[in-house]
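See below for upload-v5.cif, which holds mmCIF, C-alpha atoms.
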data_data
loop_
_atom_site.label_atom_id
_atom_site.label_comp_id
_atom_site.auth_asym_id
_atom_site.auth_seq_id
_atom_site.Cartn_x
_atom_site.Cartn_y
_atom_site.Cartn_z
CA MET A 1 281.33 -29.81 44.77
CA LYS A 2 280.86 -26.07 44.42
CA LYS A 3 282.85 -23.94 46.78
CA TYR A 4 281.08 -21.73 49.27
CA SER A 5 281.21 -18.10 48.17
CA PRO A 6 280.84 -15.49 50.91
CA LEU A 7 280.34 -12.83 48.23
CA LEU A 8 277.41 -14.74 46.66
CA ALA A 9 275.79 -15.28 50.02
CA LEU A 10 275.97 -11.60 50.88
CA THR A 11 274.54 -10.69 47.48
CA LEU A 12 271.52 -13.03 47.96
CA LEU A 13 270.89 -11.76 51.50
CA ALA A 14 270.92 -8.18 50.29
CA GLY A 15 268.38 -9.10 47.62
CA CYS A 16 266.02 -10.64 50.18
CA LEU A 17 266.22 -7.59 52.38
CA ALA A 18 265.49 -5.37 49.45
CA LEU A 19 262.46 -7.40 48.34
CA SER A 20 260.84 -7.82 51.82
CA PRO A 21 259.42 -4.26 52.18
CA THR A 22 258.04 -4.45 48.66
CA ARG A 23 256.11 -7.63 49.42
CA ALA A 24 254.84 -6.20 52.71
CA ASN A 25 253.60 -3.10 50.94
CA ALA A 26 251.82 -5.24 48.36
CA GLN A 27 250.12 -7.20 51.13
CA ASP A 28 249.11 -3.99 52.89
CA GLU A 29 247.65 -2.57 49.68
CA LYS A 30 245.66 -5.77 49.10
CA GLN A 31 244.31 -5.65 52.65
CA ASP A 32 243.50 -1.93 52.33
CA ALA A 33 241.65 -2.57 49.07
CA PHE A 34 239.65 -5.40 50.64
CA ARG A 35 238.83 -3.25 53.68
CA ARG A 36 237.59 -0.40 51.50
CA ASP A 37 235.37 -2.79 49.53
CA TRP A 38 234.07 -4.36 52.75
CA TYR A 39 233.38 -0.93 54.25
CA ASP A 40 231.57 0.18 51.11
CA THR A 41 229.41 -2.97 51.09
CA CYS A 42 228.53 -2.96 54.77
CA TYR A 43 228.19 0.78 55.49
CA GLN A 44 228.02 2.87 52.34
CA ARG A 45 225.88 1.22 49.66
CA LYS A 46 222.13 1.62 49.78
CA PRO A 47 220.28 -0.66 49.85
CA LYS A 48 222.66 -2.76 51.84
CA ASP A 49 223.43 -6.24 50.51
CA GLU A 50 223.25 -8.17 53.77
CA GLU A 51 224.41 -11.45 52.28
CA LYS A 52 227.47 -9.92 50.61
CA CYS A 53 228.35 -7.97 53.74
CA TYR A 54 228.15 -11.19 55.77
CA GLN A 55 230.33 -13.14 53.34
CA GLN A 56 232.94 -10.36 53.14
CA SER A 57 232.99 -10.08 56.93
CA LYS A 58 233.67 -13.82 57.20
CA GLU A 59 236.44 -13.45 54.60
CA MET A 60 238.00 -10.60 56.55
CA VAL A 61 238.06 -12.68 59.73
CA GLU A 62 239.65 -15.60 57.89
CA LYS A 63 242.22 -13.68 55.84
CA TYR A 64 243.07 -10.69 58.01
CA PRO A 65 242.48 -11.73 61.64
CA SER A 66 244.63 -8.90 62.99
CA ASP A 67 242.81 -6.16 61.08
CA SER A 68 241.62 -3.28 63.25
CA PHE A 69 238.05 -3.76 62.00
CA ILE A 70 237.81 -7.43 63.00
CA PRO A 71 235.52 -6.63 66.00
CA ASN A 72 233.09 -4.90 63.63
CA ALA A 73 233.18 -7.81 61.19
CA GLN A 74 232.56 -10.29 64.01
CA LYS A 75 229.53 -8.31 65.19
CA ILE A 76 228.15 -8.29 61.66
CA ILE A 77 228.60 -12.07 61.40
CA LYS A 78 226.92 -12.71 64.74
CA ALA A 79 223.99 -10.37 64.02
CA TYR A 80 223.46 -11.90 60.57
CA GLU A 81 223.45 -15.48 61.85
CA LYS A 82 221.21 -14.46 64.74
CA ASN A 83 218.69 -12.89 62.38
CA LYS A 84 218.76 -15.88 60.04
CA VAL A 85 217.92 -18.48 62.69
CA MET A 86 215.18 -16.24 64.12
CA GLU A 87 213.71 -15.58 60.68
CA LYS A 88 213.67 -19.32 60.01
CA PHE A 89 211.99 -19.95 63.35
CA GLN A 90 209.41 -17.22 62.82
CA ALA A 91 208.58 -18.57 59.35
CA ALA A 92 208.09 -22.08 60.79
CA PHE A 93 205.95 -20.73 63.61
CA THR A 94 203.76 -18.72 61.23
CA ALA A 95 203.33 -21.70 58.88
CA TYR A 96 202.28 -23.93 61.76
CA SER A 97 199.94 -21.33 63.25
CA ASN A 98 198.18 -20.75 59.93
CA ALA A 99 197.60 -24.45 59.18
CA PRO A 100 198.55 -26.72 62.10
CA ASP A 101 199.62 -30.27 61.36
CA ALA A 102 202.18 -32.72 62.68
CA ALA A 103 204.66 -32.14 59.84
CA LYS A 104 204.69 -28.37 60.40
CA LEU A 105 205.10 -28.90 64.12
CA ASP A 106 208.15 -31.08 63.43
CA GLN A 107 209.54 -28.27 61.26
CA LEU A 108 208.89 -25.80 64.06
CA PHE A 109 210.70 -28.06 66.51
CA ALA A 110 213.69 -28.29 64.17
CA ALA A 111 213.84 -24.50 63.71
CA GLY A 112 213.46 -24.03 67.43
CA ASP A 113 216.26 -26.47 68.23
CA GLU A 114 218.58 -24.52 65.95
CA CYS A 115 217.82 -21.40 67.98
CA ILE A 116 218.02 -23.06 71.37
CA LYS A 117 221.23 -24.99 70.83
CA GLY A 118 224.60 -23.41 70.15
CA ASP A 119 225.63 -19.80 70.68
CA LYS A 120 223.88 -17.94 67.86
CA LEU A 121 221.33 -16.46 70.27
CA GLU A 122 221.78 -14.97 73.70
CA PRO A 123 220.13 -16.86 76.62
CA ALA A 124 217.10 -14.55 76.79
CA LEU A 125 216.13 -15.23 73.18
CA GLN A 126 216.78 -18.95 73.64
CA GLN A 127 214.33 -18.93 76.55
CA TYR A 128 211.81 -17.06 74.44
CA VAL A 129 212.05 -19.57 71.57
CA LEU A 130 211.85 -22.52 73.98
CA GLY A 131 208.68 -21.05 75.47
CA ARG A 132 207.02 -20.67 72.06
CA VAL A 133 208.02 -24.18 71.01
CA ALA A 134 206.78 -25.70 74.27
CA MET A 135 203.44 -23.86 74.07
CA ALA A 136 202.91 -25.01 70.48
CA GLY A 137 203.94 -28.58 71.26
CA THR A 138 201.78 -29.05 74.35
CA SER A 139 198.65 -27.59 72.75
CA GLY A 140 199.23 -29.72 69.64
CA ALA A 141 199.64 -32.89 71.71
CA MET A 142 196.58 -32.25 73.88
CA ALA A 143 194.54 -31.57 70.72
CA LYS A 144 195.70 -35.03 69.54
CA LEU A 145 197.42 -33.46 66.56
CA TYR A 146 200.88 -34.69 67.49
CA LYS A 147 201.68 -38.22 68.62
CA ILE A 148 205.33 -38.14 69.72
CA LEU A 149 204.43 -37.30 73.29
CA ASP A 150 207.85 -37.87 74.84
CA ARG A 151 209.33 -35.19 72.59
CA VAL A 152 206.69 -32.71 73.74
CA LYS A 153 207.29 -33.80 77.33
CA GLY A 154 210.97 -32.90 76.93
CA TYR A 155 210.15 -29.37 75.76
CA ALA A 156 207.62 -28.94 78.56
CA GLU A 157 210.08 -30.01 81.25
CA SER A 158 212.83 -27.79 79.80
CA ALA A 159 210.45 -24.82 79.66
CA LEU A 160 209.38 -25.33 83.27
CA LYS A 161 213.00 -25.25 84.36
CA ALA A 162 213.86 -22.22 82.19
CA TYR A 163 210.90 -20.17 83.42
CA GLU A 164 211.07 -21.21 87.06
CA PRO A 165 212.78 -18.03 88.37
CA ALA A 166 210.26 -15.41 89.50
CA ALA A 167 212.78 -12.61 88.95
CA PRO A 168 213.43 -11.69 85.30
CA PRO A 169 216.73 -13.20 84.06
CA GLU A 170 219.31 -11.07 82.29
CA GLY A 171 217.97 -9.73 78.99
CA TRP A 172 214.32 -9.66 80.13
CA LYS A 173 212.24 -6.80 81.44
CA LYS A 174 209.76 -7.47 84.23
CA GLU A 175 206.79 -6.53 82.04
CA GLU A 176 207.93 -9.07 79.43
CA TRP A 177 208.99 -11.90 81.73
CA GLU A 178 206.02 -12.04 84.08
CA PRO A 179 203.17 -12.39 81.54
CA THR A 180 205.17 -14.95 79.55
CA ARG A 181 205.86 -16.95 82.68
CA GLU A 182 202.24 -16.64 83.82
CA LEU A 183 200.98 -18.20 80.60
CA LEU A 184 203.63 -20.85 80.25
CA LEU A 185 203.96 -22.41 83.71
CA PRO A 186 200.33 -23.53 84.14
CA GLN A 187 200.13 -24.89 80.59
CA MET A 188 203.32 -26.91 80.99
CA ASN A 189 202.09 -28.33 84.29
CA GLN A 190 198.67 -29.05 82.80
CA TYR A 191 200.23 -30.82 79.83
CA LEU A 192 202.47 -32.95 82.05
CA GLY A 193 199.41 -33.80 84.14
CA TRP A 194 197.62 -34.84 80.96
CA HIS A 195 200.71 -36.73 79.78
CA PHE A 196 200.81 -38.95 82.85
CA ILE A 197 197.03 -39.39 83.12
CA MET A 198 195.86 -39.63 79.50
CA GLY A 199 199.12 -40.28 77.66
CA THR A 200 200.82 -43.54 76.82
CA LYS A 201 202.70 -43.87 80.12
CA SER A 202 200.21 -43.78 82.98
CA ASP A 203 201.40 -42.45 86.32
CA PRO A 204 198.31 -40.95 88.01
CA ASN A 205 200.09 -39.75 91.14
CA GLN A 206 202.69 -37.84 89.13
CA GLY A 207 199.91 -36.48 86.94
CA LEU A 208 198.04 -35.21 90.00
CA ASN A 209 201.18 -33.47 91.28
CA TYR A 210 201.52 -31.52 88.04
CA LEU A 211 197.82 -30.64 87.99
CA ASP A 212 198.04 -29.34 91.55
CA LYS A 213 200.85 -27.01 90.45
CA ALA A 214 198.77 -25.76 87.53
CA ILE A 215 195.73 -25.16 89.73
CA LYS A 216 197.77 -23.09 92.18
CA MET A 217 198.43 -20.53 89.43
CA LYS A 218 195.74 -17.88 89.96
CA CYS A 219 196.25 -16.14 86.65
CA LYS A 220 193.79 -14.70 84.14
CA ASP A 221 193.00 -16.55 80.90
CA CYS A 222 195.57 -19.26 81.59
CA ALA A 223 195.58 -23.02 82.18
CA GLY A 224 195.44 -22.45 85.93
CA TRP A 225 192.87 -22.33 88.71
CA LYS A 226 189.82 -21.67 86.52
CA ASP A 227 190.61 -24.02 83.65
CA PRO A 228 188.08 -26.90 83.57
CA ASN A 229 190.64 -29.16 81.90
CA ASN A 230 192.54 -29.42 85.18
CA TYR A 231 189.49 -30.54 87.10
CA PHE A 232 188.34 -32.88 84.34
CA LEU A 233 191.74 -34.58 84.30
CA ARG A 234 191.75 -34.84 88.06
CA SER A 235 188.21 -36.27 88.04
CA THR A 236 189.46 -38.96 85.64
CA VAL A 237 191.97 -40.12 88.24
CA TYR A 238 189.33 -40.05 90.99
CA SER A 239 186.93 -41.95 88.75
CA ASN A 240 189.55 -44.68 88.29
CA GLN A 241 190.02 -44.82 92.06
CA TYR A 242 186.26 -45.12 92.49
CA THR A 243 186.14 -47.98 89.98
CA GLU A 244 188.85 -49.85 91.88
CA LEU A 245 186.97 -49.40 95.16
CA ARG A 246 183.78 -50.68 93.51
CA LYS A 247 185.32 -53.93 92.27
CA PRO A 248 185.38 -55.84 95.60
CA TYR A 249 182.00 -54.35 96.54
CA ASP A 250 180.38 -55.37 93.27
CA ALA A 251 181.73 -58.91 93.67
CA MET A 252 179.86 -59.35 96.98
CA THR A 253 176.53 -61.10 97.36
CA ASN A 254 173.55 -59.03 98.48
CA GLU A 255 173.91 -60.55 101.94
CA GLN A 256 177.58 -59.53 102.07
CA LYS A 257 176.74 -56.01 100.91
CA THR A 258 174.37 -55.51 103.83
CA GLY A 259 176.82 -57.04 106.25
CA PRO A 260 179.87 -55.46 107.96
CA GLU A 261 182.17 -56.15 105.02
CA GLY A 262 179.82 -54.49 102.54
CA LYS A 263 179.15 -51.51 104.77
CA GLU A 264 182.88 -50.92 105.25
CA ALA A 265 183.45 -51.03 101.50
CA LEU A 266 180.53 -48.67 100.90
CA LYS A 267 181.93 -46.29 103.52
CA LYS A 268 185.20 -46.00 101.59
CA ILE A 269 183.27 -45.48 98.37
CA SER A 270 181.13 -42.77 99.95
CA GLU A 271 184.16 -40.99 101.40
CA LEU A 272 185.81 -40.88 97.99
CA LEU A 273 182.62 -39.54 96.42
CA ASP A 274 182.17 -36.84 99.08
CA SER A 275 185.79 -35.70 99.31
CA LYS A 276 186.95 -36.08 95.70
CA LEU A 277 184.59 -36.99 92.89
CA ILE A 278 181.49 -34.91 93.68
CA PRO A 279 183.55 -31.76 94.54
CA GLU A 280 185.58 -32.22 91.36
CA TYR A 281 182.49 -32.38 89.16
CA ALA A 282 181.19 -29.27 90.90
CA ARG A 283 184.46 -27.49 90.11
CA ILE A 284 184.09 -28.42 86.45
CA LEU A 285 180.53 -27.03 86.41
CA VAL A 286 181.62 -23.61 87.70
CA THR A 287 184.63 -23.34 85.38
CA ALA A 288 183.30 -24.87 82.14
CA THR A 289 181.25 -21.81 81.25
CA LYS A 290 182.39 -21.12 77.68
CA PRO A 291 180.66 -22.61 74.61
CA GLU A 292 183.81 -24.43 73.50
CA VAL A 293 183.85 -26.53 76.68
CA LYS A 294 180.16 -27.46 76.65
CA GLY A 295 181.06 -31.12 76.14
CA ILE A 296 183.03 -31.14 79.38
CA TYR A 297 180.19 -29.34 81.18
CA ASP A 298 177.50 -31.75 79.96
CA PHE A 299 179.59 -34.75 80.93
CA ALA A 300 180.30 -33.40 84.41
CA LYS A 301 176.64 -32.42 84.92
CA SER A 302 175.37 -35.93 84.20
CA GLN A 303 177.93 -37.46 86.56
CA PHE A 304 177.35 -34.90 89.29
CA ASP A 305 173.57 -35.37 89.17
CA SER A 306 173.91 -39.15 89.37
CA PHE A 307 176.28 -39.19 92.34
CA TRP A 308 174.51 -36.31 94.08
CA GLU A 309 171.21 -38.18 93.96
CA PHE A 310 172.85 -41.33 95.29
CA ARG A 311 174.48 -39.50 98.20
CA THR A 312 171.83 -36.91 99.10
CA GLY A 313 168.52 -37.44 97.31
CA ALA A 314 168.16 -33.65 97.54
CA LYS A 315 168.20 -32.01 94.10
CA ASP A 316 167.17 -28.67 95.60
CA LYS A 317 170.44 -28.46 97.53
CA ALA A 318 172.67 -29.06 94.52
CA PRO A 319 172.70 -25.47 93.11
CA ASP A 320 173.92 -23.96 96.39
CA TYR A 321 176.56 -26.67 96.74
CA ILE A 322 177.87 -26.03 93.23
CA LYS A 323 177.78 -22.27 93.72
CA SER A 324 180.01 -22.54 96.77
CA TYR A 325 182.93 -23.29 94.38
CA GLU A 326 182.15 -20.41 92.03
CA ALA A 327 184.33 -17.69 93.53
CA ASP A 328 187.27 -20.00 94.11
CA PRO A 329 187.17 -23.55 92.74
CA THR A 330 190.39 -24.38 94.61
CA ILE A 331 188.77 -24.34 98.06
CA ALA A 332 188.69 -27.48 100.18
CA PRO A 333 185.79 -29.87 99.53
CA VAL A 334 182.49 -28.53 100.85
CA PRO A 335 180.64 -31.09 103.03
CA VAL A 336 178.07 -33.10 101.08
CA PRO A 337 174.68 -33.25 102.85
CA ALA A 338 174.56 -37.04 102.65
CA LYS A 339 171.38 -38.90 103.53
CA PRO A 340 171.31 -41.89 105.92
CA VAL A 341 172.38 -45.15 104.29
CA ASP A 342 169.47 -47.11 102.83
CA GLU A 343 170.41 -50.72 103.46
CA THR A 344 167.88 -51.89 100.90
CA ASN A 345 169.64 -49.95 98.12
CA LEU A 346 173.41 -49.93 98.50
CA ASN A 347 174.30 -49.96 94.80
CA ALA A 348 176.13 -46.75 93.97
CA PRO A 349 176.18 -45.47 90.38
CA ALA A 350 178.83 -46.89 88.08
CA ALA A 351 181.81 -44.70 87.30
CA PRO A 352 182.11 -43.29 83.78
CA THR A 353 184.62 -44.70 81.34
CA PRO A 354 187.91 -42.83 81.92
CA GLY A 355 188.50 -40.29 79.17
CA ALA A 356 185.04 -40.89 77.69
CA PRO A 357 185.32 -40.67 73.89
CA ASN A 358 182.59 -38.06 73.62
CA VAL A 359 184.47 -35.67 75.91
CA LYS A 360 187.21 -33.56 74.33
CA LEU A 361 189.56 -31.34 76.25
CA GLN A 362 189.64 -27.78 75.02
CA ALA A 363 193.38 -27.12 74.97
CA ALA A 364 194.81 -23.89 73.59
CA LYS A 365 194.40 -23.90 69.83
CA PRO A 366 197.56 -25.50 68.45
CA GLY A 367 197.97 -22.78 65.83
CA VAL A 368 197.47 -19.89 68.22
CA THR A 369 199.92 -20.35 71.04
CA PRO A 370 200.43 -17.31 73.24
CA GLY A 371 203.99 -16.90 74.33
CA GLY A 372 204.12 -13.39 75.74
CA LYS A 373 206.45 -10.76 74.39
CA ALA A 374 209.97 -11.45 73.30
CA PRO A 375 212.72 -10.05 75.54
CA ALA A 376 213.61 -6.44 74.91
CA ASN A 377 216.90 -7.30 73.23
CA GLY A 378 214.95 -9.56 70.90
CA ASN A 379 213.06 -6.71 69.22
CA GLY A 380 209.89 -8.75 68.93
CA ALA A 381 210.58 -11.90 66.95
CA LYS A 382 213.68 -10.46 65.32
CA PRO A 383 216.98 -9.98 67.12
CA ALA A 384 218.31 -6.51 67.73
CA PRO A 385 221.42 -5.34 65.87
CA ALA A 386 224.70 -6.02 67.59
CA LYS A 387 225.87 -3.32 69.91
CA GLY A 388 228.92 -1.26 69.13
CA LYS A 389 229.71 1.41 66.58
CA ALA A 390 227.18 1.13 63.80
CA LYS A 391 229.48 2.69 61.25
CA PRO A 392 233.22 2.60 61.92
CA LYS A 393 235.50 5.22 60.49
CA SER A 394 237.42 3.94 57.52
CA LYS A 395 241.16 3.70 58.08
CA LYS A 396 244.07 3.52 55.67
CA ARG A 397 247.48 2.17 56.35
CA LYS A 398 250.23 4.70 55.97
#
Using structure tokens, write down the structure from this file.
Amino acid sequence: MKKYSPLLALTLLAGCLALSPTRANAQDEKQDAFRRDWYDTCYQRKPKDEEKCYQQSKEMVEKYPSDSFIPNAQKIIKAYEKNKVMEKFQAAFTAYSNAPDAAKLDQLFAAGDECIKGDKLEPALQQYVLGRVAMAGTSGAMAKLYKILDRVKGYAESALKAYEPAAPPEGWKKEEWEPTRELLLPQMNQYLGWHFIMGTKSDPNQGLNYLDKAIKMKCKDCAGWKDPNNYFLRSTVYSNQYTELRKPYDAMTNEQKTGPEGKEALKKISELLDSKLIPEYARILVTATKPEVKGIYDFAKSQFDSFWEFRTGAKDKAPDYIKSYEADPTIAPVPVPAKPVDETNLNAPAAPTPGAPNVKLQAAKPGVTPGGKAPANGNGAKPAPAKGKAKPKSKKRK
């Protein structure tokens, strides 16, 4: 065994102490050289190579986490990733808007999810993206372009929750928040009404609740109080109720129909016609005034005329009755001038087939989905640069 040599140990220790500053200086020089290259890439060269600047900033964070310019590098990384996800989303949105189909809508959903989830975007921009995705999805579903209705329902419900506050959240200006909210809320409620009335999972009462919320929105050019779709959807529910009331009545003999049982059944039918179905068709007639909703108008007109004749026999009174809903279709049902019951003719008109195939809802065009303006810190569809010093002063280690 070799003997321990105090002299050798002291010699080796002295060597280590002598080499340590040299290695430190070499490390400092390497870091300084990297910093100068990073600074040149990100702040000096024109045009700026965004990709290279991003990669070098990531390298700086990984290799030199205590560098004085780390905050600047982190801002560059965050801004770059923010821009990338927004650019991807905008490209997907433009592609879908130009040529709507289910595949492009799926791609838009995927790009939107990348923006909404995680921390690459601030909450205001996440809300903005969610709104655009929800508007595109609901219009696409109602136009029967997209079949995965539960997925659209999820976006609609999330958007309703996100845009519920009347006061602008942080990152939004009032003039940006209010028009976006005004467009989005009634369309989401209308879609959810449609979802539960015309979709795969029928729940008429829930559908009516959503439609009532949409109708309460007295906004301009929105899916609110003057949108015939709302009243058409609601008339579909009332028509189903009418059909159910007719079933026991239609099963009666003529003798039963003229007796107490028949008269009581006919009373319920008449009350539903006067308080729900006839007023609803009148509301459609005063709101379906554009050429693109002529199909809805023609359908409602034929139904209104049939039920009006049955209940009143007074065609001359129909125009004034309809006009009473013109200024505000949300008013309470106007009394129907019903004629006395003719016991020799108690057969009311049959209800139309719910969601008649020749009637198409005129939802917002799936490729042109208004979403209001992006929040101010979103700079339109593209995120704003990260705050902080745009161009830090280069430093050298002494």
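Comparing the minimum interatomic distances between A:Ala134 and each of A:Lys161, A:Lys117, A:Arg45, A:Lys268, counting all atoms listed in the file, we find that A:Lys161 sits nearest.
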Residues returned when the PyMOL selection byres ((chain A and resi 229-244) around 9) runs on this file, as a PDB file with C-alpha atoms, in the coordinates of the input:
ATOM      1  CA  GLN A 190     198.670 -29.050  82.800  1.00  0.00           C
ATOM      2  CA  GLY A 193     199.410 -33.800  84.140  1.00  0.00           C
ATOM      3  CA  TRP A 194     197.620 -34.840  80.960  1.00  0.00           C
ATOM      4  CA  ILE A 197     197.030 -39.390  83.120  1.00  0.00           C
ATOM      5  CA  MET A 198     195.860 -39.630  79.500  1.00  0.00           C
ATOM      6  CA  PRO A 204     198.310 -40.950  88.010  1.00  0.00           C
ATOM      7  CA  ASN A 205     200.090 -39.750  91.140  1.00  0.00           C
ATOM      8  CA  GLY A 207     199.910 -36.480  86.940  1.00  0.00           C
ATOM      9  CA  LEU A 208     198.040 -35.210  90.000  1.00  0.00           C
ATOM     10  CA  LEU A 211     197.820 -30.640  87.990  1.00  0.00           C
ATOM     11  CA  ASP A 212     198.040 -29.340  91.550  1.00  0.00           C
ATOM     12  CA  ALA A 214     198.770 -25.760  87.530  1.00  0.00           C
ATOM     13  CA  ILE A 215     195.730 -25.160  89.730  1.00  0.00           C
ATOM     14  CA  ALA A 223     195.580 -23.020  82.180  1.00  0.00           C
ATOM     15  CA  GLY A 224     195.440 -22.450  85.930  1.00  0.00           C
ATOM     16  CA  TRP A 225     192.870 -22.330  88.710  1.00  0.00           C
ATOM     17  CA  LYS A 226     189.820 -21.670  86.520  1.00  0.00           C
ATOM     18  CA  ASP A 227     190.610 -24.020  83.650  1.00  0.00           C
ATOM     19  CA  PRO A 228     188.080 -26.900  83.570  1.00  0.00           C
ATOM     20  CA  LEU A 245     186.970 -49.400  95.160  1.00  0.00           C
ATOM     21  CA  ARG A 246     183.780 -50.680  93.510  1.00  0.00           C
ATOM     22  CA  LYS A 247     185.320 -53.930  92.270  1.00  0.00           C
ATOM     23  CA  PRO A 248     185.380 -55.840  95.600  1.00  0.00           C
ATOM     24  CA  ILE A 269     183.270 -45.480  98.370  1.00  0.00           C
ATOM     25  CA  LEU A 272     185.810 -40.880  97.990  1.00  0.00           C
ATOM     26  CA  LEU A 273     182.620 -39.540  96.420  1.00  0.00           C
ATOM     27  CA  LYS A 276     186.950 -36.080  95.700  1.00  0.00           C
ATOM     28  CA  LEU A 277     184.590 -36.990  92.890  1.00  0.00           C
ATOM     29  CA  ILE A 278     181.490 -34.910  93.680  1.00  0.00           C
ATOM     30  CA  GLU A 280     185.580 -32.220  91.360  1.00  0.00           C
ATOM     31  CA  TYR A 281     182.490 -32.380  89.160  1.00  0.00           C
ATOM     32  CA  ARG A 283     184.460 -27.490  90.110  1.00  0.00           C
ATOM     33  CA  ILE A 284     184.090 -28.420  86.450  1.00  0.00           C
ATOM     34  CA  THR A 287     184.630 -23.340  85.380  1.00  0.00           C
ATOM     35  CA  ALA A 288     183.300 -24.870  82.140  1.00  0.00           C
ATOM     36  CA  VAL A 293     183.850 -26.530  76.680  1.00  0.00           C
ATOM     37  CA  ILE A 296     183.030 -31.140  79.380  1.00  0.00           C
ATOM     38  CA  ALA A 300     180.300 -33.400  84.410  1.00  0.00           C
ATOM     39  CA  ALA A 350     178.830 -46.890  88.080  1.00  0.00           C
ATOM     40  CA  ALA A 351     181.810 -44.700  87.300  1.00  0.00           C
ATOM     41  CA  PRO A 352     182.110 -43.290  83.780  1.00  0.00           C
ATOM     42  CA  THR A 353     184.620 -44.700  81.340  1.00  0.00           C
ATOM     43  CA  PRO A 354     187.910 -42.830  81.920  1.00  0.00           C
ATOM     44  CA  GLY A 355     188.500 -40.290  79.170  1.00  0.00           C
ATOM     45  CA  LEU A 361     189.560 -31.340  76.250  1.00  0.00           C
ATOM     46  CA  GLN A 362     189.640 -27.780  75.020  1.00  0.00           C
ATOM     47  CA  ALA A 363     193.380 -27.120  74.970  1.00  0.00           C
TER      48      ALA A 363
END
- Counting only C-alpha atoms, figure out which residue out of A:Gly154, A:Pro165, A:Pro186, A:Gly313 gets nearest to A:Lys216. A:Pro186
- Message: Given only C-alpha atoms as the basis, pick out the residue of A:Ile77, A:Ile148, A:Leu185, A:Ala159 nearest to A:Ala103.
- Response: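 When distances to A:Ala103 are compared using only C-alpha atoms, the smallest one comes from A:Ile148.
Residues captured in this structure file are Ala79, Tyr80, Glu81, Lys82, Ser97, Asn98, Ala99, Pro100, Asp101, Lys104, Leu105, Gln107, Leu108, Ala111, Gly112, Glu114, Cys115, Lys120, Gly367, Ala381, Lys382 and Pro383 of chain A, according to the PyMOL selection byres ((chain A and resi 83-96) around 8).
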- Hey, what comes out of the PyMOL selection byres ((chain A and resi 325) around 12) on this file? Could you write it as a list in words?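 Answer for the PyMOL selection byres ((chain A and resi 325) around 12): Trp225, Lys226, Ile278, Pro279, Glu280, Tyr281, Ala282, Arg283, Ile284, Leu285, Val286, Thr287, Ala318, Pro319, Asp320, Tyr321, Ile322, Lys323, Ser324, Glu326, Ala327, Asp328, Pro329, Thr330, Ile331, Ala332, Pro333, Val334 and Pro335 of chain A.
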- Using all atoms listed in the file, which of A:Ala156, A:Ala314, A:Ala374, A:Ala251 sits nearest A:Val129? A:Ala374
- Query: What does the distance from atom CA of A:Ser57 to atom CA of A:Lys30 come to in Å, to one decimal?
  - Reply: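 These atoms are spaced 15.5 Å apart.
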- Identify, on the basis of all atoms listed in the file, every residue whose closest approach to A:Ala167 does not exceed 12 Å; exclude the query and any residue fewer than 6 positions from it along the same chain; express the result as a ChimeraX atom specification. /A:173-178,181
- Shell around A:Pro337 at 9 Å using all atoms listed in the file, local window under 4 positions removed, as a PyMOL selection string: chain A and resi 311-312+314+317
- Go through A:Pro349, A:Asp37, A:Ala136, A:Ile76 one by one, measure the shortest atom-to-atom distance of each to A:Asp250 using only C-alpha atoms, and give the residue with the smallest value.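 The shortest atom-to-atom distance to A:Asp250 comes from A:Pro349.
For the choices A:Trp172, A:Phe196, A:Tyr155, A:Phe307, the atom-to-atom distance to A:Leu184 is smallest for A:Tyr155 when using only C-alpha atoms.
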- Interatomic distance between atom CA of A:Tyr146 and atom CA of A:Ala102? 5.4 Å
- Task: Work out how far apart atom CA of A:Ala124 and atom CA of A:Ala110 are and give it in Å to one decimal.
- Result: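 We find that atom CA of A:Ala124 and atom CA of A:Ala110 lie 19.0 Å from each other.
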Filled-in N, CA and C atoms of stretch 235-242 of chain A, supplied as an mmCIF file, in the frame of the given file:
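Okay, this is what ended up in result_39.cif:
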data_model
loop_
_atom_site.group_PDB
_atom_site.id
_atom_site.type_symbol
_atom_site.label_atom_id
_atom_site.label_comp_id
_atom_site.auth_asym_id
_atom_site.auth_seq_id
_atom_site.Cartn_x
_atom_site.Cartn_y
_atom_site.Cartn_z
ATOM 1 N N SER A 235 189.381 -35.418 87.829
ATOM 2 C CA SER A 235 188.210 -36.270 88.040
ATOM 3 C C SER A 235 188.391 -37.640 87.380
ATOM 4 N N THR A 236 189.180 -37.683 86.300
ATOM 5 C CA THR A 236 189.460 -38.960 85.640
ATOM 6 C C THR A 236 190.238 -39.885 86.564
ATOM 7 N N VAL A 237 191.211 -39.313 87.274
ATOM 8 C CA VAL A 237 191.970 -40.120 88.240
ATOM 9 C C VAL A 237 191.060 -40.588 89.364
ATOM 10 N N TYR A 238 190.225 -39.692 89.890
ATOM 11 C CA TYR A 238 189.330 -40.050 90.990
ATOM 12 C C TYR A 238 188.306 -41.091 90.532
ATOM 13 N N SER A 239 187.876 -40.979 89.292
ATOM 14 C CA SER A 239 186.930 -41.950 88.750
ATOM 15 C C SER A 239 187.559 -43.342 88.691
ATOM 16 N N ASN A 240 188.836 -43.392 88.306
ATOM 17 C CA ASN A 240 189.550 -44.680 88.290
ATOM 18 C C ASN A 240 189.670 -45.250 89.703
ATOM 19 N N GLN A 241 189.932 -44.378 90.674
ATOM 20 C CA GLN A 241 190.020 -44.820 92.060
ATOM 21 C C GLN A 241 188.668 -45.361 92.541
ATOM 22 N N TYR A 242 187.619 -44.689 92.136
ATOM 23 C CA TYR A 242 186.260 -45.120 92.490
ATOM 24 C C TYR A 242 185.965 -46.504 91.894
#
